[in-house]
Amino acid sequence: MEKDNMNTQHCRLLPPIANLLVIVALLIGLGGLPSAQMPRAASAAQPPSLAKEPLPRAMLFKSASPPLTAQAAPQALSGNALDFDGVNDYVNIPDANNLDLVTNYTLEAWIYPRTLGDYEGIISKFQTDTTNGYVLRVMADGRIDFDNSKTAVGTISTQQWYHIAAVNAGGTRSLYVNGLSVPLTGTPITVLANTDPLRLGEDYADAPRFFDGQMDEVRVWNTARAAAQIRDNMYHELAGSESGLVAYYKLNESGTTSTAADSAGGDNPGTLTNMTLPGAWRTSGAFGGPKNALDFDGVNDYAQVSGGLPLANASITVEAWARRDTMDTFQMIVSQGPASSNHGLHVGFRNTNVFMCGFYNNDLYTPAFIDTDWHH
């Protein structure tokens with residue numbers, strides 16, 4: 001590479017990619033990685049959960065109207081979760097018409113199982129015999145039970161955080177762990193409207209099974225959420241006014257507060273039962289709060305680093321979280337120099353959906369990614 005030509009080029013981040021970018025780290029020579037908070041519940045193909053860091057050098061943001069901005073995020077969390085002792089702790093939410101969901105609904109929660117036992121409730125409106133309410137619970141062998149359909153043995157284990165989302169779409173059940181679809185087997189129950197309370201941390205009051213561990217960000221929807229909606233929202237706090245959200249427990253209270261506030265309008269607060277305060281309120285390790293990302297329109301949005309990067313005769317690492325909105329087009333994450341010159345660096349997706357790192361004719365490729373998921 002020719003040093004003079006390289007250093008006079010600008011470096012652009014994501015010139016024509018329609019997606020969200022959480023952080024781009026460019027390492028030159030022996031420089032270290034910028035500090036970043038990685039997802040606390042690890043999994044392949046997760047959306048990113050990186051602490052926002054300033055991009056290197058001065059940034060000039062150019063875009064079409066309206067201006068390119070960071071994706072809006074709700075107010076920051078206090079970072080708490082609720083700890084259940086596995087003996088008799090639960091949160092009781094009285095029956096309400098908007099909680100009687102039978103055909104289309106989604107149940108979500110971040111959980112940290114300390115131990116695992118059979119039929120220990122995460123979210124349950126199945127509290128008495130034959131009432132057949134919806135239920136999400138864990139099993140001793142690491143399976144997850146959703147309305148009596150179960151995942152494979154060892155789906156989850158103890159001592160780590162998981163995001164669980166369970167969807168009923170007109171009788172078809174789906175389950176997601178950390179944003180990834182997990183197969184279910186078995187015949188689900190026919191869910192009925194009932195007068196049972198909704199409970200967090202307990203299932204079936206007639207012979208209760210209590211959850212042992214921590215819980216955070218519990219959400220109940222009256223719609224069947226799509227996989228993309230689940231992944232796009234699992235790592236940030238919601239506003240509470242989202243369409244279809246009928247109950248939402250951020251579980252950010254502290255001290256001697258004995259009520260779990262419902263942030264979806266406040267109609268369904270929960271009462272902490274048998275829980276020792278203030279010890280039941282713990283610092284959360286679920287996802288650490290809302291995250292910002294840049295959204296690029298795929299037309300002419302980009303962020304520019306003034307002066308370019310000194311890449312000549314240097315070792316380099318390019319690192320980013322990125323997600324495309326569309327496929328089958330050229331979408332560069334980082335670009336420096338003209339495309340027709342081997343003086344330039346081009347990192348991103350080709351129109352064949354392979355991921356490339358290229359210096360014009362000296363390109364490296366991965367297999368094609370036929371998806372619009374997050375990739376690191």
# chains A, B, ... in the order shown; residues from 1 in each chain; ligands from 1

call {"tool": "select_by_dssp", "arguments": {"residues": "stretch 189-254 of chain A", "states": "alpha helix (DSSP H)", "output": "number ranges by chain"}}
result
A: 227-233

call {"tool": "residues_around", "arguments": {"residues": "stretch 179-196 of chain A", "least_positions_apart": "3", "cutoff": "7 Å", "atoms": "only C-alpha atoms", "output": "list of chain:residue names"}}
result
A:Gln46, A:Asp95, A:Asp100, A:Leu101, A:Val102, A:Lys125, A:Phe126, A:Gln127, A:Thr131, A:Asn132, A:Gly133, A:Tyr134, A:Asp147, A:Asn148, A:Ser149, A:Lys150, A:Thr151, A:Leu175, A:Tyr176, A:Ile230, A:Arg231

call {"tool": "atom_distance", "arguments": {"atom1": "atom CA of A:Thr115", "atom2": "atom CA of A:Asn233"}}
result
27.1 Å

call {"tool": "residues_around", "arguments": {"residues": "A:Ala264", "least_positions_apart": "5", "cutoff": "12 Å", "atoms": "only C-alpha atoms", "output": "ChimeraX atom specification"}}
result
/A:98,217-221,237-250,269

call {"tool": "write_last_selection", "arguments": {"atoms": "C-alpha atoms", "output": "PDB file, in the first residue's frame"}}
result
ATOM      1  CA  ASN A  98     -56.406  -7.579  30.215  1.00  0.00           C
ATOM      2  CA  GLU A 217     -37.627  -7.144  32.913  1.00  0.00           C
ATOM      3  CA  VAL A 218     -40.843  -9.185  32.941  1.00  0.00           C
ATOM      4  CA  ARG A 219     -43.186  -8.367  30.055  1.00  0.00           C
ATOM      5  CA  VAL A 220     -46.649  -9.657  29.147  1.00  0.00           C
ATOM      6  CA  TRP A 221     -48.051  -8.860  25.694  1.00  0.00           C
ATOM      7  CA  GLU A 237     -35.769  -1.040  28.678  1.00  0.00           C
ATOM      8  CA  LEU A 238     -39.155  -0.210  27.112  1.00  0.00           C
ATOM      9  CA  ALA A 239     -41.101   3.022  27.335  1.00  0.00           C
ATOM     10  CA  GLY A 240     -44.164   1.111  28.601  1.00  0.00           C
ATOM     11  CA  SER A 241     -46.521   2.537  25.970  1.00  0.00           C
ATOM     12  CA  GLU A 242     -45.707  -0.020  23.269  1.00  0.00           C
ATOM     13  CA  SER A 243     -48.700  -1.476  21.434  1.00  0.00           C
ATOM     14  CA  GLY A 244     -49.875  -4.752  22.962  1.00  0.00           C
ATOM     15  CA  LEU A 245     -47.907  -4.442  26.208  1.00  0.00           C
ATOM     16  CA  VAL A 246     -50.406  -5.177  28.989  1.00  0.00           C
ATOM     17  CA  ALA A 247     -48.065  -5.662  31.965  1.00  0.00           C
ATOM     18  CA  TYR A 248     -44.429  -4.651  32.380  1.00  0.00           C
ATOM     19  CA  TYR A 249     -42.289  -5.134  35.488  1.00  0.00           C
ATOM     20  CA  LYS A 250     -38.891  -3.443  35.276  1.00  0.00           C
ATOM     21  CA  PRO A 269     -49.022  -3.784  40.122  1.00  0.00           C
TER      22      PRO A 269
END

call {"tool": "closest_residue", "arguments": {"among": "A:Val138, A:Ala81, A:Met234, A:Gly86", "to": "A:Asp118", "atoms": "only C-alpha atoms"}}
result
A:Val138

call {"tool": "residues_around", "arguments": {"residues": "A:Asn252", "least_positions_apart": "4", "cutoff": "9 Å", "atoms": "only C-alpha atoms", "output": "MDAnalysis selection string"}}
result
chainID A and resid 77:82 216:217 260:261 281:284

call {"tool": "atom_distance", "arguments": {"atom1": "atom CA of A:Asp363", "atom2": "atom CA of A:His346"}}
result
9.0 Å

call {"tool": "select_by_dssp", "arguments": {"residues": "stretch 195-370 of chain A", "states": "strand (DSSP E or B)", "output": "PyMOL selection string"}}
result
chain A and resi 198-200+202-203+209-210+212-221+245-249+259-260+270-273+281-283+294-295+302-305+316-324+331-336+345-349+354-359+362-368

call {"tool": "closest_residue", "arguments": {"among": "A:Leu309, A:Leu277, A:Leu99, A:Val299", "to": "A:Asn222", "atoms": "only C-alpha atoms"}}
result
A:Leu99

call {"tool": "decode", "arguments": {"residues": "stretch 126-158 of chain A", "atoms": "N, CA and C atoms", "output": "PDB file, in the first residue's frame"}}
result
ATOM      1  N   PHE A 126     -51.751 -20.062  35.978  1.00  0.00           N
ATOM      2  CA  PHE A 126     -52.321 -21.403  36.140  1.00  0.00           C
ATOM      3  C   PHE A 126     -52.101 -21.770  37.603  1.00  0.00           C
ATOM      4  N   GLN A 127     -53.011 -21.326  38.478  1.00  0.00           N
ATOM      5  CA  GLN A 127     -52.786 -21.429  39.917  1.00  0.00           C
ATOM      6  C   GLN A 127     -53.683 -22.452  40.613  1.00  0.00           C
ATOM      7  N   THR A 128     -54.754 -22.867  39.963  1.00  0.00           N
ATOM      8  CA  THR A 128     -55.658 -23.846  40.571  1.00  0.00           C
ATOM      9  C   THR A 128     -56.028 -24.913  39.537  1.00  0.00           C
ATOM     10  N   ASP A 129     -56.463 -26.038  40.012  1.00  0.00           N
ATOM     11  CA  ASP A 129     -56.748 -27.184  39.155  1.00  0.00           C
ATOM     12  C   ASP A 129     -57.789 -26.842  38.097  1.00  0.00           C
ATOM     13  N   THR A 130     -57.511 -27.240  36.870  1.00  0.00           N
ATOM     14  CA  THR A 130     -58.382 -27.135  35.694  1.00  0.00           C
ATOM     15  C   THR A 130     -58.573 -25.707  35.170  1.00  0.00           C
ATOM     16  N   THR A 131     -57.928 -24.696  35.764  1.00  0.00           N
ATOM     17  CA  THR A 131     -58.132 -23.333  35.253  1.00  0.00           C
ATOM     18  C   THR A 131     -57.388 -23.083  33.948  1.00  0.00           C
ATOM     19  N   ASN A 132     -56.308 -23.830  33.713  1.00  0.00           N
ATOM     20  CA  ASN A 132     -55.611 -23.811  32.431  1.00  0.00           C
ATOM     21  C   ASN A 132     -55.200 -22.418  31.949  1.00  0.00           C
ATOM     22  N   GLY A 133     -54.587 -21.650  32.830  1.00  0.00           N
ATOM     23  CA  GLY A 133     -54.011 -20.384  32.395  1.00  0.00           C
ATOM     24  C   GLY A 133     -52.657 -20.604  31.746  1.00  0.00           C
ATOM     25  N   TYR A 134     -52.141 -19.546  31.125  1.00  0.00           N
ATOM     26  CA  TYR A 134     -50.820 -19.645  30.492  1.00  0.00           C
ATOM     27  C   TYR A 134     -49.741 -19.748  31.561  1.00  0.00           C
ATOM     28  N   VAL A 135     -48.621 -20.386  31.194  1.00  0.00           N
ATOM     29  CA  VAL A 135     -47.578 -20.633  32.184  1.00  0.00           C
ATOM     30  C   VAL A 135     -46.222 -20.770  31.495  1.00  0.00           C
ATOM     31  N   LEU A 136     -45.212 -20.174  32.115  1.00  0.00           N
ATOM     32  CA  LEU A 136     -43.818 -20.301  31.681  1.00  0.00           C
ATOM     33  C   LEU A 136     -43.007 -20.704  32.906  1.00  0.00           C
ATOM     34  N   ARG A 137     -42.281 -21.828  32.823  1.00  0.00           N
ATOM     35  CA  ARG A 137     -41.599 -22.346  34.003  1.00  0.00           C
ATOM     36  C   ARG A 137     -40.365 -23.143  33.606  1.00  0.00           C
ATOM     37  N   VAL A 138     -39.522 -23.431  34.593  1.00  0.00           N
ATOM     38  CA  VAL A 138     -38.288 -24.185  34.347  1.00  0.00           C
ATOM     39  C   VAL A 138     -38.433 -25.588  34.927  1.00  0.00           C
ATOM     40  N   MET A 139     -37.569 -26.481  34.413  1.00  0.00           N
ATOM     41  CA  MET A 139     -37.548 -27.859  34.877  1.00  0.00           C
ATOM     42  C   MET A 139     -36.180 -28.178  35.474  1.00  0.00           C
ATOM     43  N   ALA A 140     -36.123 -29.226  36.295  1.00  0.00           N
ATOM     44  CA  ALA A 140     -34.885 -29.593  36.991  1.00  0.00           C
ATOM     45  C   ALA A 140     -33.769 -29.987  36.030  1.00  0.00           C
ATOM     46  N   ASP A 141     -34.115 -30.511  34.851  1.00  0.00           N
ATOM     47  CA  ASP A 141     -33.109 -30.967  33.893  1.00  0.00           C
ATOM     48  C   ASP A 141     -32.729 -29.897  32.868  1.00  0.00           C
ATOM     49  N   GLY A 142     -33.105 -28.637  33.141  1.00  0.00           N
ATOM     50  CA  GLY A 142     -32.728 -27.552  32.254  1.00  0.00           C
ATOM     51  C   GLY A 142     -33.665 -27.315  31.100  1.00  0.00           C
ATOM     52  N   ARG A 143     -34.794 -28.019  31.064  1.00  0.00           N
ATOM     53  CA  ARG A 143     -35.811 -27.724  30.062  1.00  0.00           C
ATOM     54  C   ARG A 143     -36.607 -26.485  30.481  1.00  0.00           C
ATOM     55  N   ILE A 144     -37.276 -25.872  29.508  1.00  0.00           N
ATOM     56  CA  ILE A 144     -38.217 -24.789  29.763  1.00  0.00           C
ATOM     57  C   ILE A 144     -39.592 -25.266  29.323  1.00  0.00           C
ATOM     58  N   ASP A 145     -40.566 -25.069  30.178  1.00  0.00           N
ATOM     59  CA  ASP A 145     -41.936 -25.491  29.910  1.00  0.00           C
ATOM     60  C   ASP A 145     -42.776 -24.259  29.593  1.00  0.00           C
ATOM     61  N   PHE A 146     -43.417 -24.285  28.428  1.00  0.00           N
ATOM     62  CA  PHE A 146     -44.322 -23.209  28.034  1.00  0.00           C
ATOM     63  C   PHE A 146     -45.661 -23.823  27.681  1.00  0.00           C
ATOM     64  N   ASP A 147     -46.635 -23.598  28.546  1.00  0.00           N
ATOM     65  CA  ASP A 147     -47.987 -24.134  28.331  1.00  0.00           C
ATOM     66  C   ASP A 147     -47.981 -25.645  28.102  1.00  0.00           C
ATOM     67  N   ASN A 148     -47.074 -26.346  28.781  1.00  0.00           N
ATOM     68  CA  ASN A 148     -46.936 -27.795  28.761  1.00  0.00           C
ATOM     69  C   ASN A 148     -46.136 -28.329  27.567  1.00  0.00           C
ATOM     70  N   SER A 149     -45.687 -27.457  26.659  1.00  0.00           N
ATOM     71  CA  SER A 149     -44.714 -27.857  25.644  1.00  0.00           C
ATOM     72  C   SER A 149     -43.324 -27.566  26.197  1.00  0.00           C
ATOM     73  N   LYS A 150     -42.356 -28.410  25.880  1.00  0.00           N
ATOM     74  CA  LYS A 150     -41.053 -28.292  26.536  1.00  0.00           C
ATOM     75  C   LYS A 150     -39.908 -28.269  25.531  1.00  0.00           C
ATOM     76  N   THR A 151     -38.831 -27.601  25.934  1.00  0.00           N
ATOM     77  CA  THR A 151     -37.603 -27.595  25.159  1.00  0.00           C
ATOM     78  C   THR A 151     -36.795 -28.853  25.480  1.00  0.00           C
ATOM     79  N   ALA A 152     -35.630 -28.982  24.854  1.00  0.00           N
ATOM     80  CA  ALA A 152     -34.761 -30.126  25.102  1.00  0.00           C
ATOM     81  C   ALA A 152     -34.082 -30.007  26.467  1.00  0.00           C
ATOM     82  N   VAL A 153     -33.649 -31.143  26.985  1.00  0.00           N
ATOM     83  CA  VAL A 153     -32.893 -31.183  28.235  1.00  0.00           C
ATOM     84  C   VAL A 153     -31.632 -30.328  28.081  1.00  0.00           C
ATOM     85  N   GLY A 154     -31.319 -29.566  29.120  1.00  0.00           N
ATOM     86  CA  GLY A 154     -30.094 -28.775  29.111  1.00  0.00           C
ATOM     87  C   GLY A 154     -30.182 -27.471  28.344  1.00  0.00           C
ATOM     88  N   THR A 155     -31.395 -27.019  28.048  1.00  0.00           N
ATOM     89  CA  THR A 155     -31.539 -25.734  27.351  1.00  0.00           C
ATOM     90  C   THR A 155     -30.936 -24.598  28.172  1.00  0.00           C
ATOM     91  N   ILE A 156     -31.151 -24.637  29.480  1.00  0.00           N
ATOM     92  CA  ILE A 156     -30.542 -23.649  30.373  1.00  0.00           C
ATOM     93  C   ILE A 156     -29.825 -24.379  31.508  1.00  0.00           C
ATOM     94  N   SER A 157     -28.971 -23.662  32.192  1.00  0.00           N
ATOM     95  CA  SER A 157     -28.284 -24.197  33.365  1.00  0.00           C
ATOM     96  C   SER A 157     -28.314 -23.137  34.461  1.00  0.00           C
ATOM     97  N   THR A 158     -27.686 -23.423  35.565  1.00  0.00           N
ATOM     98  CA  THR A 158     -27.723 -22.506  36.699  1.00  0.00           C
ATOM     99  C   THR A 158     -26.592 -21.486  36.627  1.00  0.00           C
TER     100      THR A 158
END
